[in-house]
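Source file: final09.tsv. Holds: TSV, C-alpha atoms.
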chain	number	residue	atom	x	y	z
A	3	MET	CA	7.40	7.18	-13.09
A	4	ILE	CA	8.99	7.26	-9.67
A	5	ASN	CA	8.03	5.49	-6.43
A	6	SER	CA	6.90	7.72	-3.57
A	7	GLN	CA	9.70	6.47	-1.29
A	8	ASP	CA	12.32	7.64	-3.86
A	9	VAL	CA	11.21	11.29	-3.65
A	10	LYS	CA	14.05	13.73	-2.84
A	11	ASN	CA	14.31	17.52	-2.53
A	12	GLY	CA	14.45	19.29	-5.90
A	13	ILE	CA	12.66	16.57	-7.90
A	14	CYS	CA	9.92	17.86	-10.21
A	15	ILE	CA	6.58	15.98	-10.18
A	16	ARG	CA	3.51	16.34	-12.41
A	17	MET	CA	0.28	16.06	-10.39
A	18	ASP	CA	-3.25	17.13	-11.32
A	19	GLY	CA	-1.96	18.63	-14.58
A	20	ARG	CA	0.49	20.96	-12.76
A	21	LEU	CA	4.22	20.86	-12.09
A	22	TYR	CA	5.56	20.86	-8.52
A	23	PHE	CA	9.04	20.83	-7.00
A	24	VAL	CA	9.62	18.79	-3.84
A	25	ILE	CA	10.85	21.15	-1.11
A	26	GLU	CA	10.54	18.82	1.91
A	27	PHE	CA	9.80	15.14	2.51
A	28	LEU	CA	9.45	12.90	5.55
A	29	HIS	CA	9.05	9.15	6.05
A	30	VAL	CA	6.36	8.64	8.72
A	31	LYS	CA	5.94	5.29	10.47
A	32	PRO	CA	2.80	5.42	12.60
A	33	GLY	CA	2.32	3.06	15.57
A	34	LYS	CA	0.27	0.73	13.45
A	35	GLY	CA	-0.42	0.72	9.77
A	36	ASN	CA	1.77	1.27	6.72
A	37	THR	CA	4.61	3.74	6.39
A	38	ILE	CA	3.62	6.91	4.54
A	39	MET	CA	5.51	9.73	2.86
A	40	ARG	CA	4.58	13.28	3.82
A	41	VAL	CA	5.76	15.61	1.04
A	42	LYS	CA	5.67	19.41	0.66
A	43	PHE	CA	5.49	20.66	-2.91
A	44	LYS	CA	5.97	24.12	-4.41
A	45	ASP	CA	3.89	24.94	-7.47
A	46	VAL	CA	6.16	25.95	-10.35
A	47	VAL	CA	3.69	28.50	-11.78
A	48	ASP	CA	2.32	30.42	-8.79
A	49	GLY	CA	4.70	29.40	-5.98
A	50	ARG	CA	1.99	28.02	-3.66
A	51	VAL	CA	3.14	25.36	-1.21
A	52	ILE	CA	0.95	22.29	-0.70
A	53	GLU	CA	1.39	19.16	1.40
A	54	ARG	CA	0.37	15.66	0.33
A	55	ARG	CA	0.64	12.17	1.81
A	56	PHE	CA	1.48	9.08	-0.20
A	57	ASN	CA	1.59	5.38	0.64
A	58	ILE	CA	4.94	3.66	0.14
A	59	GLY	CA	5.12	2.23	-3.38
A	60	GLU	CA	2.66	4.71	-4.88
A	61	LYS	CA	3.72	5.82	-8.38
A	62	LEU	CA	4.30	9.50	-9.19
A	63	GLU	CA	5.01	11.06	-12.58
A	64	ASP	CA	8.42	12.71	-12.46
A	65	VAL	CA	9.46	15.40	-14.93
A	66	ARG	CA	13.03	15.82	-16.08
A	67	VAL	CA	14.13	19.44	-15.72
A	68	GLU	CA	17.31	21.13	-16.85
A	69	ARG	CA	19.10	24.11	-15.30
A	70	ARG	CA	21.14	26.22	-17.66
A	71	PRO	CA	22.96	29.51	-17.19
A	72	TYR	CA	21.46	32.40	-19.15
A	73	GLN	CA	22.67	35.99	-19.29
A	74	TYR	CA	20.18	38.86	-18.93
A	75	LEU	CA	20.42	41.28	-21.86
A	76	TYR	CA	17.54	43.79	-21.77
A	77	GLN	CA	13.83	44.31	-21.10
A	78	GLU	CA	11.32	44.48	-23.94
A	79	GLY	CA	7.84	45.42	-22.72
A	80	GLU	CA	6.77	42.89	-20.07
A	81	ASP	CA	9.34	40.31	-21.24
A	82	TYR	CA	12.97	40.06	-20.28
A	83	ILE	CA	15.39	38.90	-22.97
A	84	PHE	CA	18.00	36.34	-21.92
A	85	MET	CA	20.82	34.70	-23.89
A	86	ASN	CA	21.77	31.05	-23.53
A	87	ASN	CA	25.49	31.07	-22.64
A	88	GLU	CA	26.12	27.85	-24.60
A	89	THR	CA	24.18	28.38	-27.86
A	90	TYR	CA	23.89	32.22	-27.83
A	91	GLU	CA	20.16	31.85	-28.55
A	92	GLN	CA	18.03	34.73	-27.23
A	93	VAL	CA	14.88	33.81	-25.33
A	94	PRO	CA	12.14	36.07	-23.90
A	95	ILE	CA	10.97	35.20	-20.36
A	96	ALA	CA	7.84	36.71	-18.84
A	97	HIS	CA	8.14	39.01	-15.82
A	98	ASP	CA	6.21	36.69	-13.48
A	99	LEU	CA	8.47	33.68	-14.22
A	100	ILE	CA	11.56	35.39	-12.79
A	101	GLU	CA	12.13	35.03	-9.05
A	102	GLY	CA	13.64	38.21	-7.56
A	103	VAL	CA	13.14	40.24	-10.74
A	104	ALA	CA	13.51	43.56	-8.86
A	105	PHE	CA	17.23	42.81	-8.38
A	106	LEU	CA	17.93	41.82	-12.01
A	107	LYS	CA	20.77	43.83	-13.58
A	108	GLU	CA	21.96	43.81	-17.20
A	109	GLY	CA	24.70	41.25	-17.78
A	110	MET	CA	23.72	39.17	-14.74
A	111	THR	CA	23.79	35.38	-15.12
A	112	VAL	CA	20.71	33.49	-13.87
A	113	ASP	CA	19.68	29.82	-13.80
A	114	VAL	CA	16.82	29.08	-16.18
A	115	VAL	CA	14.90	25.91	-15.35
A	116	SER	CA	13.08	24.26	-18.24
A	117	ASP	CA	11.09	21.08	-18.87
A	118	ALA	CA	13.50	18.82	-20.79
A	119	SER	CA	10.76	16.98	-22.69
A	120	SER	CA	8.98	20.05	-24.14
A	121	ASP	CA	11.73	22.71	-23.73
A	122	THR	CA	9.23	25.07	-22.05
A	123	ILE	CA	10.74	27.48	-19.56
A	124	LEU	CA	9.38	26.93	-16.06
A	125	PHE	CA	11.12	29.82	-14.26
A	126	ALA	CA	14.35	31.82	-13.96
A	127	GLU	CA	16.16	32.00	-10.65
A	128	LEU	CA	18.60	34.74	-9.64
A	129	PRO	CA	21.61	33.91	-7.49
A	130	THR	CA	20.73	33.87	-3.78
A	131	LYS	CA	22.89	36.94	-3.11
A	132	VAL	CA	23.67	39.79	-5.50
A	133	GLU	CA	25.85	42.87	-5.19
A	134	LEU	CA	24.21	46.15	-6.18
A	135	MET	CA	25.10	49.83	-5.84
A	136	VAL	CA	23.02	52.21	-3.74
A	137	GLN	CA	21.70	54.98	-6.03
A	138	TYR	CA	19.93	57.04	-3.40
A	139	THR	CA	19.57	57.07	0.37
A	140	GLU	CA	19.61	59.67	3.11
A	141	PRO	CA	23.19	60.41	4.21
A	142	GLY	CA	24.52	58.52	7.22
A	143	LEU	CA	25.94	60.25	10.28
A	144	LYS	CA	29.01	59.46	12.33
A	145	GLY	CA	28.13	57.03	15.11
A	146	ASP	CA	25.16	55.46	13.30
A	147	THR	CA	26.63	51.97	13.64
A	148	ALA	CA	25.54	51.38	17.23
A	149	THR	CA	21.85	50.68	16.60
A	150	ASN	CA	20.25	48.31	14.14
A	151	THR	CA	17.79	50.87	12.80
A	152	LEU	CA	17.07	50.70	9.07
A	153	LYS	CA	16.38	53.36	6.42
A	154	PRO	CA	15.08	53.08	2.83
A	155	ALA	CA	17.57	52.95	-0.05
A	156	THR	CA	17.05	52.83	-3.82
A	157	LEU	CA	19.38	50.46	-5.69
A	158	GLU	CA	20.74	50.73	-9.23
A	159	THR	CA	17.97	48.40	-10.49
A	160	GLY	CA	15.27	50.67	-9.05
A	161	ALA	CA	14.42	48.29	-6.21
A	162	GLU	CA	13.91	49.77	-2.78
A	163	VAL	CA	15.34	47.98	0.27
A	164	ARG	CA	15.94	48.75	3.95
A	165	VAL	CA	19.59	49.28	4.90
A	166	PRO	CA	21.43	50.26	8.12
A	167	LEU	CA	21.93	53.97	8.84
A	168	PHE	CA	25.67	53.91	8.01
A	169	ILE	CA	25.14	52.99	4.32
A	170	ASN	CA	25.68	55.91	1.91
A	171	GLU	CA	25.07	56.57	-1.79
A	172	GLY	CA	27.54	54.93	-4.17
A	173	GLU	CA	28.34	52.02	-1.86
A	174	ILE	CA	28.01	48.42	-3.02
A	175	ILE	CA	25.86	46.20	-0.81
A	176	ARG	CA	24.97	42.51	-0.87
A	177	ILE	CA	21.23	41.73	-1.02
A	178	ASP	CA	19.40	38.42	-0.47
A	179	THR	CA	17.17	38.04	-3.57
A	180	ARG	CA	14.71	35.68	-1.86
A	181	ASP	CA	13.32	38.32	0.51
A	182	GLY	CA	15.10	41.55	-0.46
A	183	SER	CA	16.94	41.87	2.83
A	184	TYR	CA	20.27	43.61	3.34
A	185	CYS	CA	23.16	41.21	4.06
A	186	GLU	CA	26.34	43.27	4.22
A	187	ARG	CA	28.38	46.09	2.76
A	188	VAL	CA	30.91	44.96	0.14
A	189	LYS	CA	34.44	46.17	0.78
A	190	ALA	CA	36.03	47.80	-2.25

If you convert what's in this file into structure tokens, what do you get?
Amino acid sequence: MINSQDVKNGICIRMDGRLYFVIEFLHVKPGKGNTIMRVKFKDVVDGRVIERRFNIGEKLEDVRVERRPYQYLYQEGEDYIFMNNETYEQVPIAHDLIEGVAFLKEGMTVDVVSDASSDTILFAELPTKVELMVQYTEPGLKGDTATNTLKPATLETGAEVRVPLFINEGEIIRIDTRDGSYCERVKA
């Protein structure tokens, strides 16, 4: 159990039979009355964000979670097979538990977050930025760097993103896995 005033970003809480991560918290001292905690939670399963208020001293059930590096090996049906880098144990993880799955490439290392008490996998998280090769896009023309117009491009993982006009096939680009946006071209 943890007191509501000890809540910090990244802590996992069990409420109403569900697991939530704290993504934002704020101590609020109204003009009169007791201090309260306003906390935003993100549901581990479906990603919904909710906001709750707690009185100072209120007890919350915290859950101990562990982050471990796992390497992506291959896809088998709807599951993705990962290998624990420490024990070499292979674990299947469902498609919907992987954040940014469209940018997942064989051999990539991801953080797998699991409940330490029951060893159940909560979700897998790709690095914030990944480098991928452009498989197909319309060819760029000389002088296409002046505007910030975007065109579609298919990456080596099969994901489709919007890139600037000067990007060509075979180039390596950096992508933000949270929203699938183009960041920059990687110099060879």

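The interatomic distance for the pair atom CA of A:Met85 and atom CA of A:Ala104 works out to 18.9 Å.
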
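As for atom CA of A:Thr122 and atom CA of A:Ile25, they are spaced 21.4 Å apart.
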
Task: Atomic separation - atom CA of A:Glu101 relative to atom CA of A:Tyr74, Å - done: 13.3 Å

Open item on the list: Can you pull out the residues contacting A:Arg187? Cut-off 10 Å, using all atoms listed in the file, and skip same-chain residues under 3 positions away; I want them as number ranges by chain.
Closed with: A: 133-135, 165-166, 168-169, 173-177, 184, 190

Now that the selection is made, can you save its residues with C-alpha atoms as a compact mmCIF listing (two decimals), in the coordinates of the input?
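This is the output file selection-v6.txt:
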# COMPACT_ATOMS: atom_id res chain seq x y z
CA GLU A 133 25.85 42.87 -5.19
CA LEU A 134 24.21 46.15 -6.18
CA MET A 135 25.10 49.83 -5.84
CA VAL A 165 19.59 49.28 4.90
CA PRO A 166 21.43 50.26 8.12
CA PHE A 168 25.67 53.91 8.01
CA ILE A 169 25.14 52.99 4.32
CA GLU A 173 28.34 52.02 -1.86
CA ILE A 174 28.01 48.42 -3.02
CA ILE A 175 25.86 46.20 -0.81
CA ARG A 176 24.97 42.51 -0.87
CA ILE A 177 21.23 41.73 -1.02
CA TYR A 184 20.27 43.61 3.34
CA ALA A 190 36.03 47.80 -2.25

Open item on the list: Residues near A:Gly35, anyone? I mean within 12 Å using all atoms listed in the file, not counting same-chain ones fewer than 5 positions away, as a ChimeraX atom specification.
Closed with: /A:30,57-58

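Selecting by distance to (16.6, 42.4, -9.7) with a limit of 10 Å and using all atoms listed in the file, one obtains Ile100, Glu101, Gly102, Val103, Ala104, Phe105, Leu106, Lys107, Glu108, Met110, Leu128, Val132, Leu134, Leu157, Glu158, Thr159, Gly160, Ala161, Ile177, Thr179 and Gly182 of chain A.
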